[in-house]
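Novice: So here's input-v1.cif, just mmCIF, N, CA, C and O atoms:
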```
data_work
loop_
_atom_site.label_atom_id
_atom_site.label_comp_id
_atom_site.auth_asym_id
_atom_site.auth_seq_id
_atom_site.Cartn_x
_atom_site.Cartn_y
_atom_site.Cartn_z
N MET A 1 -11.24 -120.01 -30.67
CA MET A 1 -11.35 -120.09 -29.24
C MET A 1 -11.60 -118.68 -28.70
O MET A 1 -11.06 -117.71 -29.18
N THR A 2 -12.43 -118.59 -27.66
CA THR A 2 -12.71 -117.33 -27.01
C THR A 2 -12.25 -117.40 -25.56
O THR A 2 -12.48 -118.39 -24.87
N ILE A 3 -11.58 -116.35 -25.12
CA ILE A 3 -11.14 -116.23 -23.74
C ILE A 3 -11.75 -114.96 -23.18
O ILE A 3 -11.75 -113.92 -23.84
N VAL A 4 -12.28 -115.02 -21.97
CA VAL A 4 -12.87 -113.86 -21.32
C VAL A 4 -12.17 -113.64 -19.99
O VAL A 4 -12.08 -114.56 -19.18
N ASN A 5 -11.65 -112.44 -19.79
CA ASN A 5 -11.04 -112.06 -18.52
C ASN A 5 -11.87 -110.95 -17.88
O ASN A 5 -12.37 -110.07 -18.58
N PHE A 6 -11.98 -110.98 -16.55
CA PHE A 6 -12.72 -109.96 -15.81
C PHE A 6 -11.74 -109.14 -14.97
O PHE A 6 -10.76 -109.68 -14.47
N TYR A 7 -12.04 -107.84 -14.82
CA TYR A 7 -11.14 -106.92 -14.13
C TYR A 7 -11.91 -106.06 -13.13
O TYR A 7 -13.05 -105.68 -13.39
N ASP A 8 -11.24 -105.73 -12.02
CA ASP A 8 -11.80 -104.77 -11.08
C ASP A 8 -11.66 -103.36 -11.62
O ASP A 8 -12.56 -102.53 -11.45
N GLU A 9 -10.55 -103.09 -12.27
CA GLU A 9 -10.28 -101.76 -12.83
C GLU A 9 -9.60 -101.95 -14.19
O GLU A 9 -8.91 -102.93 -14.41
N VAL A 10 -9.81 -100.98 -15.06
CA VAL A 10 -9.16 -101.01 -16.38
C VAL A 10 -8.98 -99.58 -16.84
O VAL A 10 -9.77 -98.70 -16.49
N ASP A 11 -7.94 -99.33 -17.61
CA ASP A 11 -7.69 -97.99 -18.15
C ASP A 11 -8.88 -97.58 -19.03
O ASP A 11 -9.29 -98.32 -19.93
N ASP A 12 -9.44 -96.42 -18.75
CA ASP A 12 -10.62 -95.93 -19.47
C ASP A 12 -10.41 -95.93 -20.99
O ASP A 12 -11.34 -96.18 -21.74
N ALA A 13 -9.20 -95.67 -21.44
CA ALA A 13 -8.92 -95.61 -22.88
C ALA A 13 -9.15 -96.96 -23.57
O ALA A 13 -9.36 -97.01 -24.78
N LEU A 14 -9.11 -98.05 -22.82
CA LEU A 14 -9.31 -99.38 -23.40
C LEU A 14 -10.78 -99.72 -23.62
O LEU A 14 -11.10 -100.65 -24.36
N LEU A 15 -11.67 -99.00 -22.95
CA LEU A 15 -13.10 -99.32 -23.02
C LEU A 15 -13.68 -98.83 -24.34
O LEU A 15 -13.83 -97.64 -24.57
N ARG A 16 -14.02 -99.77 -25.21
CA ARG A 16 -14.54 -99.43 -26.53
C ARG A 16 -16.04 -99.64 -26.65
O ARG A 16 -16.67 -99.14 -27.56
N PHE A 17 -16.62 -100.41 -25.74
CA PHE A 17 -18.04 -100.75 -25.80
C PHE A 17 -18.67 -100.64 -24.42
O PHE A 17 -18.02 -100.88 -23.42
N ALA A 18 -19.95 -100.32 -24.41
CA ALA A 18 -20.75 -100.37 -23.19
C ALA A 18 -21.92 -101.31 -23.46
O ALA A 18 -22.52 -101.29 -24.53
N VAL A 19 -22.23 -102.13 -22.49
CA VAL A 19 -23.32 -103.09 -22.59
C VAL A 19 -24.18 -102.90 -21.35
O VAL A 19 -23.66 -102.68 -20.26
N ILE A 20 -25.50 -102.99 -21.50
CA ILE A 20 -26.41 -102.75 -20.40
C ILE A 20 -27.28 -103.98 -20.16
O ILE A 20 -27.98 -104.44 -21.06
N ILE A 21 -27.23 -104.49 -18.92
CA ILE A 21 -28.10 -105.58 -18.52
C ILE A 21 -29.35 -104.92 -17.95
O ILE A 21 -29.29 -104.27 -16.91
N ALA A 22 -30.47 -105.06 -18.63
CA ALA A 22 -31.70 -104.40 -18.21
C ALA A 22 -32.81 -105.42 -18.05
O ALA A 22 -32.87 -106.42 -18.77
N THR A 23 -33.70 -105.15 -17.08
CA THR A 23 -34.88 -105.98 -16.90
C THR A 23 -36.12 -105.10 -16.91
O THR A 23 -36.07 -103.92 -16.57
N SER A 24 -37.20 -105.68 -17.33
CA SER A 24 -38.50 -105.01 -17.31
C SER A 24 -39.53 -106.06 -16.93
O SER A 24 -39.60 -107.12 -17.56
N GLU A 25 -40.30 -105.75 -15.90
CA GLU A 25 -41.32 -106.68 -15.40
C GLU A 25 -40.74 -108.07 -15.14
O GLU A 25 -41.33 -109.09 -15.46
N GLY A 26 -39.52 -108.08 -14.58
CA GLY A 26 -38.90 -109.35 -14.22
C GLY A 26 -38.26 -110.13 -15.36
O GLY A 26 -37.81 -111.25 -15.17
N LYS A 27 -38.23 -109.54 -16.56
CA LYS A 27 -37.64 -110.23 -17.72
C LYS A 27 -36.49 -109.40 -18.27
O LYS A 27 -36.51 -108.18 -18.23
N TYR A 28 -35.48 -110.10 -18.79
CA TYR A 28 -34.34 -109.40 -19.38
C TYR A 28 -34.72 -108.75 -20.70
O TYR A 28 -35.53 -109.29 -21.46
N VAL A 29 -34.12 -107.59 -20.98
CA VAL A 29 -34.39 -106.85 -22.21
C VAL A 29 -33.34 -107.21 -23.26
O VAL A 29 -32.14 -107.13 -23.01
N PHE A 30 -33.80 -107.64 -24.42
CA PHE A 30 -32.94 -107.92 -25.57
C PHE A 30 -33.42 -107.10 -26.76
O PHE A 30 -34.60 -106.77 -26.87
N CYS A 31 -32.51 -106.79 -27.67
CA CYS A 31 -32.82 -106.04 -28.88
C CYS A 31 -32.41 -106.87 -30.09
O CYS A 31 -31.38 -107.54 -30.05
N LYS A 32 -33.18 -106.78 -31.14
CA LYS A 32 -32.83 -107.52 -32.36
C LYS A 32 -31.81 -106.71 -33.15
O LYS A 32 -32.05 -105.57 -33.51
N HIS A 33 -30.65 -107.31 -33.40
CA HIS A 33 -29.59 -106.66 -34.15
C HIS A 33 -29.93 -106.71 -35.63
O HIS A 33 -30.22 -107.78 -36.17
N LYS A 34 -29.91 -105.56 -36.28
CA LYS A 34 -30.33 -105.48 -37.69
C LYS A 34 -29.43 -106.27 -38.63
O LYS A 34 -29.90 -107.01 -39.48
N ALA A 35 -28.13 -106.10 -38.48
CA ALA A 35 -27.20 -106.71 -39.43
C ALA A 35 -27.03 -108.22 -39.22
O ALA A 35 -26.91 -108.98 -40.17
N ARG A 36 -27.01 -108.65 -37.95
CA ARG A 36 -26.75 -110.06 -37.66
C ARG A 36 -28.02 -110.89 -37.49
O ARG A 36 -27.96 -112.10 -37.40
N ASN A 37 -29.16 -110.21 -37.37
CA ASN A 37 -30.43 -110.90 -37.17
C ASN A 37 -30.39 -111.79 -35.92
O ASN A 37 -30.86 -112.92 -35.92
N THR A 38 -29.78 -111.24 -34.85
CA THR A 38 -29.68 -111.95 -33.58
C THR A 38 -30.28 -111.08 -32.47
O THR A 38 -30.43 -109.87 -32.64
N TRP A 39 -30.62 -111.71 -31.36
CA TRP A 39 -31.12 -110.99 -30.19
C TRP A 39 -29.95 -110.77 -29.24
O TRP A 39 -29.24 -111.70 -28.89
N GLU A 40 -29.75 -109.51 -28.82
CA GLU A 40 -28.61 -109.14 -27.99
C GLU A 40 -29.04 -108.15 -26.91
O GLU A 40 -30.06 -107.48 -27.06
N VAL A 41 -28.24 -108.06 -25.85
CA VAL A 41 -28.52 -107.04 -24.84
C VAL A 41 -28.16 -105.67 -25.43
O VAL A 41 -27.32 -105.58 -26.33
N PRO A 42 -28.80 -104.60 -24.95
CA PRO A 42 -28.48 -103.26 -25.48
C PRO A 42 -27.02 -102.91 -25.23
O PRO A 42 -26.45 -103.27 -24.21
N GLY A 43 -26.44 -102.18 -26.16
CA GLY A 43 -25.06 -101.73 -26.01
C GLY A 43 -24.46 -101.38 -27.35
O GLY A 43 -25.08 -101.59 -28.39
N GLY A 44 -23.26 -100.84 -27.31
CA GLY A 44 -22.60 -100.50 -28.57
C GLY A 44 -21.30 -99.76 -28.39
O GLY A 44 -20.78 -99.62 -27.29
N HIS A 45 -20.80 -99.27 -29.51
CA HIS A 45 -19.50 -98.61 -29.60
C HIS A 45 -19.51 -97.25 -28.91
O HIS A 45 -20.47 -96.51 -28.98
N ARG A 46 -18.38 -96.96 -28.35
CA ARG A 46 -18.13 -95.65 -27.75
C ARG A 46 -17.73 -94.69 -28.87
O ARG A 46 -16.90 -95.01 -29.72
N GLU A 47 -18.31 -93.50 -28.86
CA GLU A 47 -17.97 -92.49 -29.86
C GLU A 47 -16.77 -91.68 -29.37
O GLU A 47 -16.51 -91.60 -28.17
N ALA A 48 -16.05 -91.07 -30.30
CA ALA A 48 -14.86 -90.28 -29.97
C ALA A 48 -15.20 -89.20 -28.95
O ALA A 48 -16.18 -88.47 -29.11
N GLY A 49 -14.40 -89.12 -27.88
CA GLY A 49 -14.58 -88.10 -26.87
C GLY A 49 -15.72 -88.36 -25.89
O GLY A 49 -15.97 -87.54 -25.01
N GLU A 50 -16.40 -89.47 -26.02
CA GLU A 50 -17.57 -89.77 -25.18
C GLU A 50 -17.14 -90.51 -23.91
O GLU A 50 -16.30 -91.39 -23.94
N MET A 51 -17.74 -90.12 -22.78
CA MET A 51 -17.53 -90.86 -21.54
C MET A 51 -18.24 -92.20 -21.67
O MET A 51 -19.32 -92.28 -22.26
N ILE A 52 -17.66 -93.24 -21.09
CA ILE A 52 -18.23 -94.58 -21.27
C ILE A 52 -19.63 -94.68 -20.66
O ILE A 52 -20.51 -95.36 -21.20
N LEU A 53 -19.90 -93.98 -19.56
CA LEU A 53 -21.24 -93.98 -18.98
C LEU A 53 -22.24 -93.34 -19.95
O LEU A 53 -23.37 -93.81 -20.10
N ASP A 54 -21.82 -92.28 -20.63
CA ASP A 54 -22.68 -91.64 -21.63
C ASP A 54 -22.94 -92.57 -22.81
O ASP A 54 -24.02 -92.56 -23.39
N THR A 55 -21.95 -93.38 -23.16
CA THR A 55 -22.15 -94.39 -24.21
C THR A 55 -23.26 -95.34 -23.81
O THR A 55 -24.16 -95.65 -24.60
N ALA A 56 -23.21 -95.82 -22.57
CA ALA A 56 -24.22 -96.76 -22.08
C ALA A 56 -25.62 -96.12 -22.12
O ALA A 56 -26.57 -96.74 -22.60
N LYS A 57 -25.74 -94.90 -21.64
CA LYS A 57 -27.04 -94.23 -21.63
C LYS A 57 -27.55 -94.00 -23.04
O LYS A 57 -28.74 -94.20 -23.32
N ARG A 58 -26.67 -93.58 -23.95
CA ARG A 58 -27.06 -93.32 -25.34
C ARG A 58 -27.51 -94.60 -26.03
O ARG A 58 -28.57 -94.65 -26.67
N GLU A 59 -26.72 -95.65 -25.88
CA GLU A 59 -27.06 -96.92 -26.53
C GLU A 59 -28.36 -97.49 -25.98
O GLU A 59 -29.19 -98.01 -26.73
N LEU A 60 -28.55 -97.41 -24.67
CA LEU A 60 -29.79 -97.90 -24.07
C LEU A 60 -30.99 -97.15 -24.65
O LEU A 60 -31.99 -97.77 -25.02
N TYR A 61 -30.87 -95.83 -24.78
CA TYR A 61 -31.97 -95.04 -25.33
C TYR A 61 -32.19 -95.34 -26.82
O TYR A 61 -33.31 -95.55 -27.27
N GLU A 62 -31.10 -95.37 -27.59
CA GLU A 62 -31.22 -95.62 -29.03
C GLU A 62 -31.84 -96.98 -29.34
O GLU A 62 -32.60 -97.12 -30.28
N GLU A 63 -31.52 -97.97 -28.53
CA GLU A 63 -31.96 -99.32 -28.84
C GLU A 63 -33.27 -99.72 -28.17
O GLU A 63 -33.93 -100.64 -28.64
N THR A 64 -33.64 -99.02 -27.09
CA THR A 64 -34.86 -99.42 -26.37
C THR A 64 -35.84 -98.29 -26.12
O THR A 64 -36.99 -98.54 -25.79
N GLY A 65 -35.38 -97.04 -26.22
CA GLY A 65 -36.22 -95.90 -25.88
C GLY A 65 -36.24 -95.59 -24.39
O GLY A 65 -36.90 -94.66 -23.94
N ILE A 66 -35.48 -96.35 -23.60
CA ILE A 66 -35.42 -96.14 -22.16
C ILE A 66 -34.42 -95.01 -21.85
O ILE A 66 -33.28 -95.06 -22.27
N GLN A 67 -34.88 -94.00 -21.12
CA GLN A 67 -33.99 -92.93 -20.66
C GLN A 67 -33.71 -93.20 -19.19
O GLN A 67 -34.57 -92.96 -18.34
N GLN A 68 -32.54 -93.71 -18.92
CA GLN A 68 -32.19 -94.16 -17.57
C GLN A 68 -31.08 -93.30 -17.01
O GLN A 68 -30.03 -93.17 -17.63
N LYS A 69 -31.30 -92.72 -15.85
CA LYS A 69 -30.26 -91.92 -15.21
C LYS A 69 -29.34 -92.79 -14.35
O LYS A 69 -28.16 -92.57 -14.28
N GLY A 70 -29.91 -93.80 -13.69
CA GLY A 70 -29.12 -94.62 -12.79
C GLY A 70 -28.62 -95.90 -13.42
O GLY A 70 -29.39 -96.82 -13.67
N LEU A 71 -27.34 -95.95 -13.71
CA LEU A 71 -26.70 -97.17 -14.20
C LEU A 71 -25.54 -97.49 -13.26
O LEU A 71 -24.76 -96.62 -12.91
N ASP A 72 -25.46 -98.73 -12.82
CA ASP A 72 -24.38 -99.17 -11.94
C ASP A 72 -23.42 -100.06 -12.70
O ASP A 72 -23.85 -100.91 -13.49
N ARG A 73 -22.13 -99.88 -12.43
CA ARG A 73 -21.12 -100.74 -13.04
C ARG A 73 -21.35 -102.17 -12.54
O ARG A 73 -21.48 -102.41 -11.35
N PHE A 74 -21.45 -103.09 -13.46
CA PHE A 74 -21.65 -104.50 -13.11
C PHE A 74 -20.31 -105.24 -13.16
O PHE A 74 -19.93 -105.89 -12.22
N CYS A 75 -19.61 -105.12 -14.28
CA CYS A 75 -18.29 -105.73 -14.39
C CYS A 75 -17.57 -105.16 -15.61
O CYS A 75 -18.18 -104.56 -16.48
N THR A 76 -16.28 -105.37 -15.63
CA THR A 76 -15.45 -104.99 -16.78
C THR A 76 -14.80 -106.27 -17.28
O THR A 76 -14.27 -107.06 -16.50
N CYS A 77 -14.87 -106.49 -18.58
CA CYS A 77 -14.27 -107.71 -19.12
C CYS A 77 -13.63 -107.44 -20.46
O CYS A 77 -13.90 -106.45 -21.12
N ARG A 78 -12.76 -108.35 -20.82
CA ARG A 78 -12.11 -108.29 -22.12
C ARG A 78 -12.27 -109.64 -22.78
O ARG A 78 -12.00 -110.67 -22.18
N TYR A 79 -12.77 -109.61 -24.00
CA TYR A 79 -12.94 -110.82 -24.80
C TYR A 79 -11.76 -110.93 -25.75
O TYR A 79 -11.39 -109.96 -26.40
N TYR A 80 -11.20 -112.11 -25.86
CA TYR A 80 -10.13 -112.40 -26.81
C TYR A 80 -10.63 -113.49 -27.75
O TYR A 80 -11.04 -114.56 -27.30
N TRP A 81 -10.64 -113.20 -29.02
CA TRP A 81 -10.98 -114.22 -30.02
C TRP A 81 -9.68 -114.63 -30.69
O TRP A 81 -8.97 -113.80 -31.26
N LEU A 82 -9.37 -115.89 -30.64
CA LEU A 82 -8.14 -116.39 -31.22
C LEU A 82 -8.44 -117.18 -32.48
O LEU A 82 -9.23 -118.13 -32.46
N TYR A 83 -7.86 -116.79 -33.60
CA TYR A 83 -7.93 -117.52 -34.86
C TYR A 83 -9.36 -117.73 -35.36
O TYR A 83 -10.01 -118.70 -35.02
N GLY A 84 -9.81 -116.79 -36.13
CA GLY A 84 -11.06 -117.01 -36.81
C GLY A 84 -12.06 -115.87 -36.75
O GLY A 84 -12.88 -115.74 -37.63
N TYR A 85 -12.02 -115.04 -35.72
CA TYR A 85 -12.99 -113.95 -35.64
C TYR A 85 -12.60 -112.88 -36.65
O TYR A 85 -11.49 -112.37 -36.63
N ARG A 86 -13.49 -112.60 -37.56
CA ARG A 86 -13.25 -111.61 -38.62
C ARG A 86 -11.98 -111.92 -39.42
O ARG A 86 -11.27 -111.02 -39.86
N ASN A 87 -11.66 -113.20 -39.55
CA ASN A 87 -10.50 -113.66 -40.32
C ASN A 87 -9.18 -113.06 -39.85
O ASN A 87 -8.28 -112.81 -40.63
N THR A 88 -9.08 -112.80 -38.55
CA THR A 88 -7.83 -112.30 -37.98
C THR A 88 -7.31 -113.33 -36.99
O THR A 88 -8.08 -114.07 -36.39
N PRO A 89 -6.00 -113.38 -36.81
CA PRO A 89 -5.45 -114.36 -35.88
C PRO A 89 -5.72 -114.00 -34.42
O PRO A 89 -5.69 -114.85 -33.56
N PHE A 90 -5.97 -112.72 -34.13
CA PHE A 90 -6.19 -112.31 -32.76
C PHE A 90 -7.01 -111.03 -32.75
O PHE A 90 -6.78 -110.12 -33.52
N HIS A 91 -7.99 -110.98 -31.88
CA HIS A 91 -8.83 -109.80 -31.77
C HIS A 91 -9.28 -109.69 -30.31
O HIS A 91 -9.59 -110.70 -29.69
N SER A 92 -9.30 -108.49 -29.75
CA SER A 92 -9.81 -108.34 -28.39
C SER A 92 -10.62 -107.06 -28.28
O SER A 92 -10.39 -106.09 -29.00
N CYS A 93 -11.59 -107.07 -27.39
CA CYS A 93 -12.43 -105.92 -27.12
C CYS A 93 -12.63 -105.83 -25.61
O CYS A 93 -12.79 -106.84 -24.95
N CYS A 94 -12.62 -104.62 -25.11
CA CYS A 94 -12.82 -104.40 -23.69
C CYS A 94 -14.20 -103.76 -23.49
O CYS A 94 -14.51 -102.76 -24.14
N TYR A 95 -15.00 -104.34 -22.64
CA TYR A 95 -16.38 -103.91 -22.39
C TYR A 95 -16.55 -103.48 -20.94
O TYR A 95 -15.98 -104.08 -20.04
N LEU A 96 -17.38 -102.46 -20.72
CA LEU A 96 -17.85 -102.14 -19.39
C LEU A 96 -19.33 -102.48 -19.39
O LEU A 96 -20.09 -101.99 -20.22
N ILE A 97 -19.72 -103.35 -18.49
CA ILE A 97 -21.11 -103.81 -18.45
C ILE A 97 -21.81 -103.13 -17.28
O ILE A 97 -21.31 -103.12 -16.15
N TYR A 98 -22.95 -102.52 -17.57
CA TYR A 98 -23.75 -101.82 -16.57
C TYR A 98 -25.04 -102.58 -16.32
O TYR A 98 -25.50 -103.34 -17.17
N ARG A 99 -25.64 -102.30 -15.19
CA ARG A 99 -27.00 -102.76 -14.93
C ARG A 99 -27.80 -101.55 -14.46
O ARG A 99 -27.25 -100.62 -13.87
N ILE A 100 -29.08 -101.57 -14.73
CA ILE A 100 -29.94 -100.46 -14.34
C ILE A 100 -30.15 -100.52 -12.84
O ILE A 100 -30.44 -101.56 -12.28
N SER A 101 -29.95 -99.36 -12.19
CA SER A 101 -30.13 -99.31 -10.73
C SER A 101 -31.57 -98.97 -10.37
O SER A 101 -32.33 -98.50 -11.16
#
```
Before anything else, please render the file you have as structure tokens.
Specialist:
Amino acid sequence: MTIVNFYDEVDDALLRFAVIIATSEGKYVFCKHKARNTWEVPGGHREAGEMILDTAKRELYEETGIQQKGLDRFCTCRYYWLYGYRNTPFHSCCYLIYRIS
């Protein structure tokens, strides 16, 4: 089972991932994930000492080649996977989702 909670504010230390909702010519931008062979929105892990906004900009560039200065916070959410994700009884990740301004 998956549970998703949305937050107005969250402690910065909890943010492990940045995800970017991007459009080009009226269409959403997706990237093919190498390991999972799936199509996903750009985003990824935060590196040690990195600001979460810098994570979003870096991941967007690494995955699409887009160098974007203006990113707006879209929402903050936490996913909870109960029983089964990666063979653990409980797993959660906190994401900050941006959109290109």
Novice: Extract, using only N, CA, C and O atoms, all DNA, RNA and protein residues at most 4.5 Å from Cys94 in chain A, discarding same-chain residues fewer than 2 positions from it, and format them as a ChimeraX atom specification.
Specialist: /A:14-17,77-78,92,96
Novice: Counting only C-alpha atoms, figure out which residue out of A:Val19, A:Val41, A:Val29, A:Ile3 gets nearest to Arg73 in chain A.
Specialist: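 Ranked by minimum distance to Arg73 in chain A, first place goes to A:Val19.
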Novice: Go through A:Cys93, A:Thr2, A:Glu40, A:Ile20 one by one, measure the shortest atom-to-atom distance of each to Lys57 in chain A using all atoms listed in the file, and give the residue with the smallest value.
Specialist: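 Among A:Cys93, A:Thr2, A:Glu40, A:Ile20, it is A:Ile20 that comes nearest to Lys57 in chain A.
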Novice: List the spatial neighbours of range 4-6 of chain A as a PyMOL selection string - criterion: any atom at most 9 Å away, only C-alpha atoms, same-chain residues fewer than 5 positions off excluded.
Specialist: chain A and resi 75-81
Novice: Calculate how many Å separate atom C of Glu63 in chain A from atom O of Trp39 in chain A, rounding to one decimal.
Specialist: 12.7 Å
Novice: In Å to one decimal, how far is atom N of Ala18 in chain A from atom O of Thr38 in chain A?
Specialist: 16.4 Å
Novice: In Å, how far is it from atom O of Glu47 in chain A to CA of Glu59 in chain A?
Specialist: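 So the two atoms, atom O of Glu47 in chain A and CA of Glu59 in chain A, lie 11.9 Å apart.
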Novice: Which of these residues is nearest to Ile100 in chain A, using all atoms listed in the file: A:Leu60, A:Leu71, A:Val10, A:Met51?
Specialist: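 Nearest to Ile100 in chain A: A:Leu71.
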Novice: Could you check the closest approach to His45 in chain A for each of A:Arg58, A:Arg99, A:Asp11, A:His33 and tell me which residue wins, using all atoms listed in the file?
Specialist: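 Comparing A:Arg58, A:Arg99, A:Asp11, A:His33 against His45 in chain A, the winner is A:Arg58.
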Novice: So which residues of chain A fall under alpha helix (DSSP H) by DSSP, listed as a list in words?
Specialist: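 Going through chain A, the alpha helix (DSSP H) residues come out as Ile52, Leu53, Asp54, Thr55, Ala56, Lys57, Arg58, Glu59, Leu60, Tyr61, Glu62, Glu63 and Thr64 of chain A.
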